[in-house]
Amino acid sequence: MQDLDKALADIVAIRSQIARDTAFRGLGAATVAGTGGLALACAAGQALWLGDPAARPGLFFGLWIAAALAAFAMIGVEAVRRSRRLHSGLADAMVWNAIEVFLPAAGAGACLALVIARFAPGEVWMLPGLWQVLVGLGLFASARILPRAVQGVGAWYLLAGLAVLAVSAETRALSPWTMGLPFLIGQAWLAGIIHHGARAFDDGR
């Protein structure tokens with residue numbers, strides 16, 4: 001029985017190692033591009049109907065959090081579906097490996113929002129820039145499972161976040177476009193990289 005348990009543990013460890021060393025193909029270009037369109041729609045809707053975001057910061061960030069959750073759901077559902085088709089028996093391990101890569105940045109973003117809202121509500125103007133910096137760091141971390149070109153997108157989010165912080169520091173104002181435009185450009189760029197990587201894989205297969 002001990003030999004059987006050890007053999008099963010070794011199999012699990014081997015599968016986990018293979019999953020860590022295998023390029024993750026669970027992301028679809030169309031869905032990633034769709035999340036950029038979702039960011040654009042959210043920004044345009046807020047610009048047209050929200051009025052002054054500083055007067056209703058809870059609604060401003062609530063809508064962006066809802067958009068982020070919708071984007072995570074879109075990407076997550078497709079990642080599971082594509083992984084089961086493309087990664088076969090490694091699908092679950094590949095999906096969990098991808099979650100582990102992005103979870104620290106997502107968790108840090110949620111914690112920052114809670115801490116700033118609770119202890120420094122006057123500094124909520126910093127959240128859009130900080131969130132973009134964290135997305136950039138998450139993409140840098142994902143370069144080991146996604147095409148290495150995603151580091152360019154990571155650099156975009158990092159620089160965009162720092163630029164948003166620098167610009168917003170003068171007025172401490174909230175703007176839908178400081179969220180919408182960086183995410184539209186970043187997600188469209190990421191979708192292009194994923195599409196190119198999928199075509200290269202298919203051509204070489």
# chains A, B, ... in the order shown; residues from 1 in each chain; ligands from 1
$ residues_around --residues "Ala110 in chain A" --least-positions-apart "3" --cutoff "12 Å" --atoms "only C-alpha atoms" --output "number ranges by chain"
A: 61, 65, 68-69, 103-107, 113-117, 127, 130-131, 134-135
$ closest_atom_pairs --of "range 61-141 of chain A" --to "range 170-183 of chain A" --cutoff "9 Å" --atoms "only C-alpha atoms" --output "JSON lines"
{"residue": "A:Trp64", "atom": "CA", "partner": "A:Met179", "partner_atom": "CA", "distance": 8.5}
{"residue": "A:Gly122", "atom": "CA", "partner": "A:Arg172", "partner_atom": "CA", "distance": 8.8}
{"residue": "A:Glu123", "atom": "CA", "partner": "A:Arg172", "partner_atom": "CA", "distance": 7.8}
{"residue": "A:Val124", "atom": "CA", "partner": "A:Leu174", "partner_atom": "CA", "distance": 8.4}
{"residue": "A:Trp125", "atom": "CA", "partner": "A:Arg172", "partner_atom": "CA", "distance": 5.6}
{"residue": "A:Met126", "atom": "CA", "partner": "A:Arg172", "partner_atom": "CA", "distance": 7.9}
{"residue": "A:Pro128", "atom": "CA", "partner": "A:Met179", "partner_atom": "CA", "distance": 6.0}
{"residue": "A:Gly129", "atom": "CA", "partner": "A:Thr178", "partner_atom": "CA", "distance": 7.9}
{"residue": "A:Gln132", "atom": "CA", "partner": "A:Pro182", "partner_atom": "CA", "distance": 8.0}
$ write_last_selection --atoms "N, CA, C and O atoms" --output "PDB file, in the first residue's frame"
ATOM      1  N   TRP A  64     -16.676  48.843 -12.523  1.00  0.00           N
ATOM      2  CA  TRP A  64     -15.430  48.272 -13.026  1.00  0.00           C
ATOM      3  C   TRP A  64     -15.163  46.902 -12.409  1.00  0.00           C
ATOM      4  O   TRP A  64     -14.647  45.999 -13.089  1.00  0.00           O
ATOM      5  N   GLY A 122      -9.941  58.965   0.557  1.00  0.00           N
ATOM      6  CA  GLY A 122      -9.555  60.115  -0.250  1.00  0.00           C
ATOM      7  C   GLY A 122      -8.515  59.801  -1.308  1.00  0.00           C
ATOM      8  O   GLY A 122      -8.221  60.641  -2.163  1.00  0.00           O
ATOM      9  N   GLU A 123      -7.955  58.594  -1.246  1.00  0.00           N
ATOM     10  CA  GLU A 123      -6.912  58.210  -2.207  1.00  0.00           C
ATOM     11  C   GLU A 123      -7.401  57.187  -3.224  1.00  0.00           C
ATOM     12  O   GLU A 123      -6.588  56.533  -3.878  1.00  0.00           O
ATOM     13  N   VAL A 124      -8.711  57.060  -3.383  1.00  0.00           N
ATOM     14  CA  VAL A 124      -9.231  56.066  -4.331  1.00  0.00           C
ATOM     15  C   VAL A 124      -8.820  56.375  -5.765  1.00  0.00           C
ATOM     16  O   VAL A 124      -8.858  55.488  -6.628  1.00  0.00           O
ATOM     17  N   TRP A 125      -8.438  57.626  -6.048  1.00  0.00           N
ATOM     18  CA  TRP A 125      -7.989  57.978  -7.397  1.00  0.00           C
ATOM     19  C   TRP A 125      -6.777  57.160  -7.824  1.00  0.00           C
ATOM     20  O   TRP A 125      -6.480  57.058  -9.026  1.00  0.00           O
ATOM     21  N   MET A 126      -6.059  56.575  -6.870  1.00  0.00           N
ATOM     22  CA  MET A 126      -4.866  55.794  -7.182  1.00  0.00           C
ATOM     23  C   MET A 126      -5.192  54.395  -7.701  1.00  0.00           C
ATOM     24  O   MET A 126      -4.345  53.758  -8.335  1.00  0.00           O
ATOM     25  N   PRO A 128      -7.091  52.985 -10.166  1.00  0.00           N
ATOM     26  CA  PRO A 128      -6.936  52.599 -11.577  1.00  0.00           C
ATOM     27  C   PRO A 128      -5.488  52.358 -11.973  1.00  0.00           C
ATOM     28  O   PRO A 128      -5.166  51.348 -12.624  1.00  0.00           O
ATOM     29  N   GLY A 129      -4.594  53.257 -11.588  1.00  0.00           N
ATOM     30  CA  GLY A 129      -3.184  53.078 -11.922  1.00  0.00           C
ATOM     31  C   GLY A 129      -2.576  51.879 -11.232  1.00  0.00           C
ATOM     32  O   GLY A 129      -1.816  51.112 -11.835  1.00  0.00           O
ATOM     33  N   GLN A 132      -3.625  48.637 -12.884  1.00  0.00           N
ATOM     34  CA  GLN A 132      -2.917  48.385 -14.144  1.00  0.00           C
ATOM     35  C   GLN A 132      -1.493  47.905 -13.893  1.00  0.00           C
ATOM     36  O   GLN A 132      -0.995  47.017 -14.609  1.00  0.00           O
TER      37      GLN A 132
END
$ closest_residue --among "A:Ala166, A:Ala66, A:Leu139, A:Ala160" --to "Ala98 in chain A" --atoms "only C-alpha atoms"
A:Leu139
$ residues_around --residues "Val32 in chain A" --least-positions-apart "4" --cutoff "12 Å" --atoms "only C-alpha atoms" --output "PyMOL selection string"
chain A and resi 26-28+36-39+70-79+183-195
$ residues_around --residues "Gly136 in chain A" --least-positions-apart "4" --cutoff "10 Å" --atoms "only C-alpha atoms" --output "number ranges by chain"
A: 105, 130-132, 140-142, 150-161, 186
$ write_last_selection --atoms "N, CA, C and O atoms" --output "compact mmCIF listing (two decimals), in the first residue's frame"
# COMPACT_ATOMS: atom_id res chain seq x y z
N ALA A 105 -1.56 38.60 -8.21
CA ALA A 105 -1.86 39.96 -8.67
C ALA A 105 -3.33 40.29 -8.44
O ALA A 105 -3.67 41.40 -7.99
N LEU A 130 -2.90 51.69 -9.96
CA LEU A 130 -2.35 50.55 -9.22
C LEU A 130 -2.84 49.24 -9.79
O LEU A 130 -2.07 48.26 -9.90
N TRP A 131 -4.10 49.17 -10.18
CA TRP A 131 -4.63 47.94 -10.78
C TRP A 131 -3.90 47.61 -12.08
O TRP A 131 -3.59 46.45 -12.35
N GLN A 132 -3.63 48.64 -12.88
CA GLN A 132 -2.92 48.39 -14.14
C GLN A 132 -1.49 47.90 -13.89
O GLN A 132 -1.00 47.02 -14.61
N PHE A 140 3.82 39.63 -16.57
CA PHE A 140 5.23 39.26 -16.50
C PHE A 140 5.39 37.86 -15.92
O PHE A 140 6.17 37.05 -16.40
N ALA A 141 4.62 37.56 -14.87
CA ALA A 141 4.71 36.24 -14.24
C ALA A 141 4.19 35.15 -15.17
O ALA A 141 4.64 34.00 -15.08
N SER A 142 3.25 35.50 -16.06
CA SER A 142 2.65 34.49 -16.93
C SER A 142 3.52 34.14 -18.13
O SER A 142 3.17 33.26 -18.92
N VAL A 150 4.13 38.26 -24.32
CA VAL A 150 3.21 38.89 -23.37
C VAL A 150 3.95 39.83 -22.42
O VAL A 150 3.32 40.68 -21.79
N GLN A 151 5.27 39.70 -22.34
CA GLN A 151 6.02 40.63 -21.51
C GLN A 151 5.89 42.07 -22.04
O GLN A 151 5.93 43.02 -21.27
N GLY A 152 5.74 42.20 -23.36
CA GLY A 152 5.52 43.53 -23.93
C GLY A 152 4.20 44.12 -23.46
O GLY A 152 4.11 45.31 -23.14
N VAL A 153 3.16 43.27 -23.38
CA VAL A 153 1.86 43.73 -22.87
C VAL A 153 1.98 44.06 -21.39
O VAL A 153 1.39 45.02 -20.91
N GLY A 154 2.75 43.23 -20.67
CA GLY A 154 2.98 43.52 -19.26
C GLY A 154 3.65 44.87 -19.07
O GLY A 154 3.28 45.65 -18.18
N ALA A 155 4.63 45.17 -19.93
CA ALA A 155 5.30 46.47 -19.86
C ALA A 155 4.32 47.60 -20.18
O ALA A 155 4.38 48.67 -19.55
N TRP A 156 3.41 47.37 -21.13
CA TRP A 156 2.39 48.38 -21.45
C TRP A 156 1.54 48.69 -20.23
O TRP A 156 1.33 49.86 -19.89
N TYR A 157 1.04 47.66 -19.56
CA TYR A 157 0.19 47.89 -18.40
C TYR A 157 0.97 48.57 -17.27
O TYR A 157 0.44 49.44 -16.57
N LEU A 158 2.21 48.18 -17.09
CA LEU A 158 3.03 48.80 -16.05
C LEU A 158 3.23 50.28 -16.33
O LEU A 158 3.01 51.13 -15.45
N LEU A 159 3.62 50.62 -17.56
CA LEU A 159 3.86 52.02 -17.90
C LEU A 159 2.55 52.81 -17.92
O LEU A 159 2.52 53.98 -17.49
N ALA A 160 1.47 52.18 -18.42
CA ALA A 160 0.18 52.88 -18.43
C ALA A 160 -0.28 53.18 -17.02
O ALA A 160 -0.79 54.27 -16.74
N GLY A 161 -0.10 52.22 -16.12
CA GLY A 161 -0.50 52.44 -14.73
C GLY A 161 0.29 53.55 -14.08
O GLY A 161 -0.28 54.41 -13.37
N GLY A 186 -4.36 47.13 -24.16
CA GLY A 186 -3.64 45.97 -23.63
C GLY A 186 -4.29 44.65 -24.01
O GLY A 186 -3.60 43.70 -24.43
$ closest_residue --among "A:Ala41, A:Ile145, A:Leu50, A:Ala29" --to "Ala67 in chain A" --atoms "only C-alpha atoms"
A:Ala41
$ closest_residue --among "A:Val101, A:Ala143, A:Leu86, A:Ala54" --to "Pro121 in chain A" --atoms "only C-alpha atoms"
A:Ala54
$ select_by_dssp --residues "chain A" --states "alpha helix (DSSP H)" --output "JSON, numbers by chain"
{"A": [2, 3, 4, 5, 6, 7, 8, 9, 10, 11, 12, 13, 14, 15, 16, 17, 18, 19, 20, 21, 29, 30, 31, 32, 33, 34, 35, 36, 37, 38, 39, 40, 41, 42, 43, 44, 45, 46, 47, 48, 49, 57, 58, 59, 60, 61, 62, 63, 64, 65, 66, 67, 68, 69, 70, 71, 72, 73, 74, 75, 76, 77, 78, 79, 80, 81, 82, 83, 84, 85, 86, 91, 92, 93, 94, 95, 96, 97, 98, 99, 100, 101, 102, 103, 104, 105, 106, 107, 108, 109, 110, 111, 112, 113, 114, 115, 116, 117, 118, 119, 127, 128, 129, 130, 131, 132, 133, 134, 135, 136, 137, 138, 139, 140, 141, 150, 151, 152, 153, 154, 155, 156, 157, 158, 159, 160, 161, 162, 163, 164, 165, 166, 167, 168, 169, 170, 171, 177, 178, 179, 180, 181, 182, 183, 184, 185, 186, 187, 188, 189, 190, 191, 192, 193, 194, 195, 196, 197, 198, 199, 200, 201, 202, 203, 204]}
$ atom_distance --atom1 "CA of His196 in chain A" --atom2 "CA of Ala149 in chain A"
10.3 Å
$ atom_distance --atom1 "CA of Ala43 in chain A" --atom2 "CA of Ser168 in chain A"
16.4 Å
$ atom_distance --atom1 "CA of Ala47 in chain A" --atom2 "CA of Leu63 in chain A"
12.2 Å
